[in-house]
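Trainee: Shown below is the structure under consideration.
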2 protein chains.
Amino acid sequence: MPDYGAALSLPIPTGERLLADLEQLATFVEPDTPGWTRRFPSPAYLAGRVWLQAAMQHAGLTPRIDAAGNLLGTRRGTADLPPILIGSHTDTVLGGGRYDGTLGVLAALEVVRCFNDAGITLRHPLIVADFLAEEANAYGISCVGSRGLAGTFQSAWLARTLDGVTLERAIQAAGGDPAGLIGPLYAPGALAACLELHIEQGPVLAQAGRSLAAVSGIVGIQRGTLRLRGQPDHAGTTPMAMRHDALAAAAVLITTLEQLCHAGPQTVGTIGRLEVQPNQSNVVPGEVLLTAEIRSLNPAVLAQVWQQFWARATAATAQRGVTLELVALTSSPPVTSPAWLVELVHRVCCSLDEGALVLPSGAGHDSSQLAQIAPTAMIFVPSAGGRSHCPDEDTAPHHLRLGGAALARAVLALDEALA
Amino acid sequence: MPDYGAALSLPIPTGERLLADLEQLATFVEPDTPGWTRRFPSPAYLAGRVWLQAAMQHAGLTPRIDAAGNLLGTRRGTADLPPILIGSHTDTVLGGGRYDGTLGVLAALEVVRCFNDAGITLRHPLIVADFLAEEANAYGISCVGSRGLAGTFQSAWLARTLDGVTLERAIQAAGGDPAGLIGPLYAPGALAACLELHIEQGPVLAQAGRSLAAVSGIVGIQRGTLRLRGQPDHAGTTPMAMRHDALAAAAVLITTLEQLCHAGPQTVGTIGRLEVQPNQSNVVPGEVLLTAEIRSLNPAVLAQVWQQFWARATAATAQRGVTLELVALTSSPPVTSPAWLVELVHRVCCSLDEGALVLPSGAGHDSSQLAQIAPTAMIFVPSAGGRSHCPDEDTAPHHLRLGGAALARAVLALDEALA
């Protein structure tokens, strides 16, 4: 194993430019919206990208917009090797915060400036990416740009329309060329590796008091919508033993899912949506519609926990004379980063925070798409209180700076490892 | 104890007139409504009462409308004694059935005709009552007429307005004189006793295969609205051990209430209404608002079960870092019929169905109000499938007929017992 001596001794930048850039980008917001709202395909979002393109040029990058509308700034390498790609996204959710996505883009830009300042050249070309429209948007699609780049974008989506504007036109307005979205924009092997720095959007790093984590992968999601049908009897006249209470049956399901996921390692399960019919205080609940989801990095655990949940749900409802129906089931498989790459990123993180963690990501990211065509890994910095997708999303300046340093060191280490 | 020889050998009427009257009254329905809808203060309801008033006169009763809008038809007694009152109500819920209330009024009318046919005179005057507006109506008040009669009507309610019409005007339109609603219309002691025949509106008689029940009382209700506040975290990034899941806490409450009420004798408990915030499949539930109620004939059980529920709810929520707030608490005390009267009614029922039950009523009735001023009891006949407040509310003709016979025999027995 290489010792990455040069990479791990790279000085930690002051972070002043990174913080200034984050503040600058945060000025591009949609009028009359809460928090820092900058959604695709709003003018505020497009204006932020014009500013970013100029900043890329100023850092010596050669910017272009690819067919999927991704803004890509390239720095030359010294050898004829496939590029290393680093980046994230600059769009936000409605009422979002200042760090989700933006940190990964602006830290990548700062990595380039640090390399420039230190006179560091890489063997591999380096691409700084701002992926188009990562957040789920009003067209009902997330990761528009990274899907386009990885070849997982479905051209049928282009006809979807919002306020009279098709998704095709919206991508064109962002500088893309949707007609060119046939297959991946980089064939497997055409990118050496991808790295994404991101805020954790969860409480684990903050509660552990750590600054950095290497992300082992992105969890898969098994999500089912269940309908429980009992009988809507009079709450006064129906003895307990004669009831078919759909909500009492649902309560058993909620408790069961919680217990199963507490027992499983790095598995979470949630019943986040639940509706009762007729929902009157004096009527025994006749029907419950609920959505149950399980997330895990391990596809076998995902399948097994769902199977156990379903078996216990079937038994608990049958025992009460309540019918159980699976209305819908969606499944997205886990994405696991290559072990060597997680190991490399973790070594880099430990050089900056000796107790750096290895964590799965419970949320989806552009990296889920990139992993389809290239070795891909992520780095997490803490989210204060685990909060994200809200105006009080926060990460300490110290952690932003360390995240940028980790990204720079990881690029150097990769350049050495892959050459 | 008297042997009620004459009462218990009264012939069982054929029931043909009763069935015909039920059919006739069922023709008075509001246009464009489901089932048999005849609500206060609709013209259909008022028209039905005009028909009923004529039927009372035809049966030799002297009808009048009291200050509370109750339609009361009196048959003279042979002694100077306070009257025995029998009756129920003719209004329905939206989409109601054909027997809730109407059976008690029309069977009372049939009792008078049977006495007339058999040349039976009573020592007590007998009043057949159609109480105004028993069902909870759009003014938000139930048992309007029986509350007025019993002196439990609050004059402040008269100002409530529906479609520009005050409750005062609506009672006037039904023939009442709300200005006269000061104190009970019959002082305690001014009525010898009250009897109400009603469908069970629950499944107990039908499941036991019995035809009649003497009602021991009307349950009290303890009803609380609870707010559980946890934290609306990301369902993917928040480990199970770091969650404050308001719905998972609510599930424990649902299961706890069910277990406590299963254990209690003749106690029921229901969480019929529950709402989740933000109610999204990918967000850990941050808040749950639910209504929990307990019903029992025993006030000590009611208080004890609520206390146990609250103690366990407090512990279960605290354990999860979820706050528990009691938003509202309402309490209506149980109404217990006098033991001698339940005993009398049960003996009468057993003369027609040797295995007749003694049951509490889990639903509210006009009798709850009448019990404030006079010895009051009820008789139940089966509801097919326990269904009520719906178009498929049904009671077999045989049971309707037996109910009428039980009411007639009970009146005769009361006339003997009280004279």
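Each chain of the structure tokens is named A, B, ... in the order shown, its residues numbered from 1; ligands are numbered from 1 in display order.
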How close does each residue of chain B get to chain A, giving the shortest atom pair and distance in Å to one decimal for every residue with an atom at most 8 Å away, counting only C-alpha atoms, sorted by chain and residue number, as a Markdown table?
Mentor:
```
| residue | atom | partner | partner_atom | distance |
| --- | --- | --- | --- | --- |
| B:Glu200 | CA | A:Thr237 | CA | 7.7 |
| B:Gln201 | CA | A:Thr237 | CA | 6.4 |
| B:Gly202 | CA | A:Thr237 | CA | 4.7 |
| B:Pro203 | CA | A:Thr238 | CA | 6.4 |
| B:Val204 | CA | A:Thr238 | CA | 7.6 |
| B:Asp233 | CA | A:Arg387 | CA | 7.3 |
| B:His234 | CA | A:Gly202 | CA | 7.0 |
| B:Ala235 | CA | A:Thr270 | CA | 6.3 |
| B:Gly236 | CA | A:Gly362 | CA | 4.0 |
| B:Thr237 | CA | A:Gly362 | CA | 4.4 |
| B:Thr238 | CA | A:Gly202 | CA | 5.4 |
| B:Pro239 | CA | A:Val268 | CA | 6.2 |
| B:Met240 | CA | A:His262 | CA | 5.9 |
| B:Ala241 | CA | A:His262 | CA | 7.3 |
| B:Met242 | CA | A:Pro203 | CA | 7.7 |
| B:Leu247 | CA | A:Gly272 | CA | 7.8 |
| B:Ala248 | CA | A:Ile254 | CA | 6.1 |
| B:Ala250 | CA | A:Ala251 | CA | 7.9 |
| B:Ala251 | CA | A:Ala251 | CA | 4.4 |
| B:Val252 | CA | A:Ala251 | CA | 7.1 |
| B:Ile254 | CA | A:Ala248 | CA | 6.1 |
| B:Thr255 | CA | A:Ala248 | CA | 6.4 |
| B:Glu258 | CA | A:Ala248 | CA | 7.5 |
| B:Cys261 | CA | A:Met240 | CA | 7.2 |
| B:His262 | CA | A:Met240 | CA | 5.9 |
| B:Gln266 | CA | A:Pro239 | CA | 7.4 |
| B:Thr267 | CA | A:Pro239 | CA | 7.7 |
| B:Val268 | CA | A:Met240 | CA | 6.0 |
| B:Gly269 | CA | A:Ala235 | CA | 7.5 |
| B:Thr270 | CA | A:Ala235 | CA | 6.3 |
| B:Ile271 | CA | A:Ser281 | CA | 6.6 |
| B:Gly272 | CA | A:Ser281 | CA | 4.3 |
| B:Arg273 | CA | A:Asn279 | CA | 4.4 |
| B:Leu274 | CA | A:Asn279 | CA | 6.6 |
| B:Glu275 | CA | A:Glu275 | CA | 7.0 |
| B:Val276 | CA | A:Leu274 | CA | 6.7 |
| B:Asn279 | CA | A:Arg273 | CA | 4.4 |
| B:Gln280 | CA | A:Arg273 | CA | 5.0 |
| B:Ser281 | CA | A:Gly272 | CA | 4.3 |
| B:Asn282 | CA | A:Gly272 | CA | 6.2 |
| B:Val283 | CA | A:Gly272 | CA | 5.6 |
| B:Val284 | CA | A:Gly272 | CA | 5.4 |
| B:Pro285 | CA | A:Gly272 | CA | 5.4 |
| B:Thr291 | CA | A:Ser281 | CA | 5.9 |
| B:Ala292 | CA | A:Ser281 | CA | 7.1 |
| B:Glu293 | CA | A:Ser281 | CA | 7.4 |
| B:Arg295 | CA | A:Gly236 | CA | 6.7 |
| B:Ser361 | CA | A:Thr237 | CA | 6.7 |
| B:Gly362 | CA | A:Gly236 | CA | 4.0 |
| B:Ala363 | CA | A:Gly236 | CA | 5.3 |
| B:Gly386 | CA | A:Thr238 | CA | 7.7 |
| B:Arg387 | CA | A:Asp233 | CA | 7.2 |
| B:Ser388 | CA | A:His234 | CA | 7.8 |
```
Trainee: Find the spatial neighbours of His399 of chain A, counting only C-alpha atoms, within a cut-off of 8 Å - ignore same-chain residues fewer than 5 positions away - and output them as a list in words.
Mentor: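 My list of contacting residues is Ser211, Leu212, Val381 and Pro382 of chain A.
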Trainee: Would you mind listing what lies within 8 Å of Leu94 of chain B as a PyMOL selection string, with only C-alpha atoms counted and same-chain residues fewer than 4 positions away left out?
Mentor: chain B and resi 33-39+389
Trainee: Rounded to one decimal place, report the atom CA of Pro43 of chain A-atom CA of Ser142 of chain A distance in Å.
Mentor: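 Separation of atom CA of Pro43 of chain A and atom CA of Ser142 of chain A: 18.6 Å.
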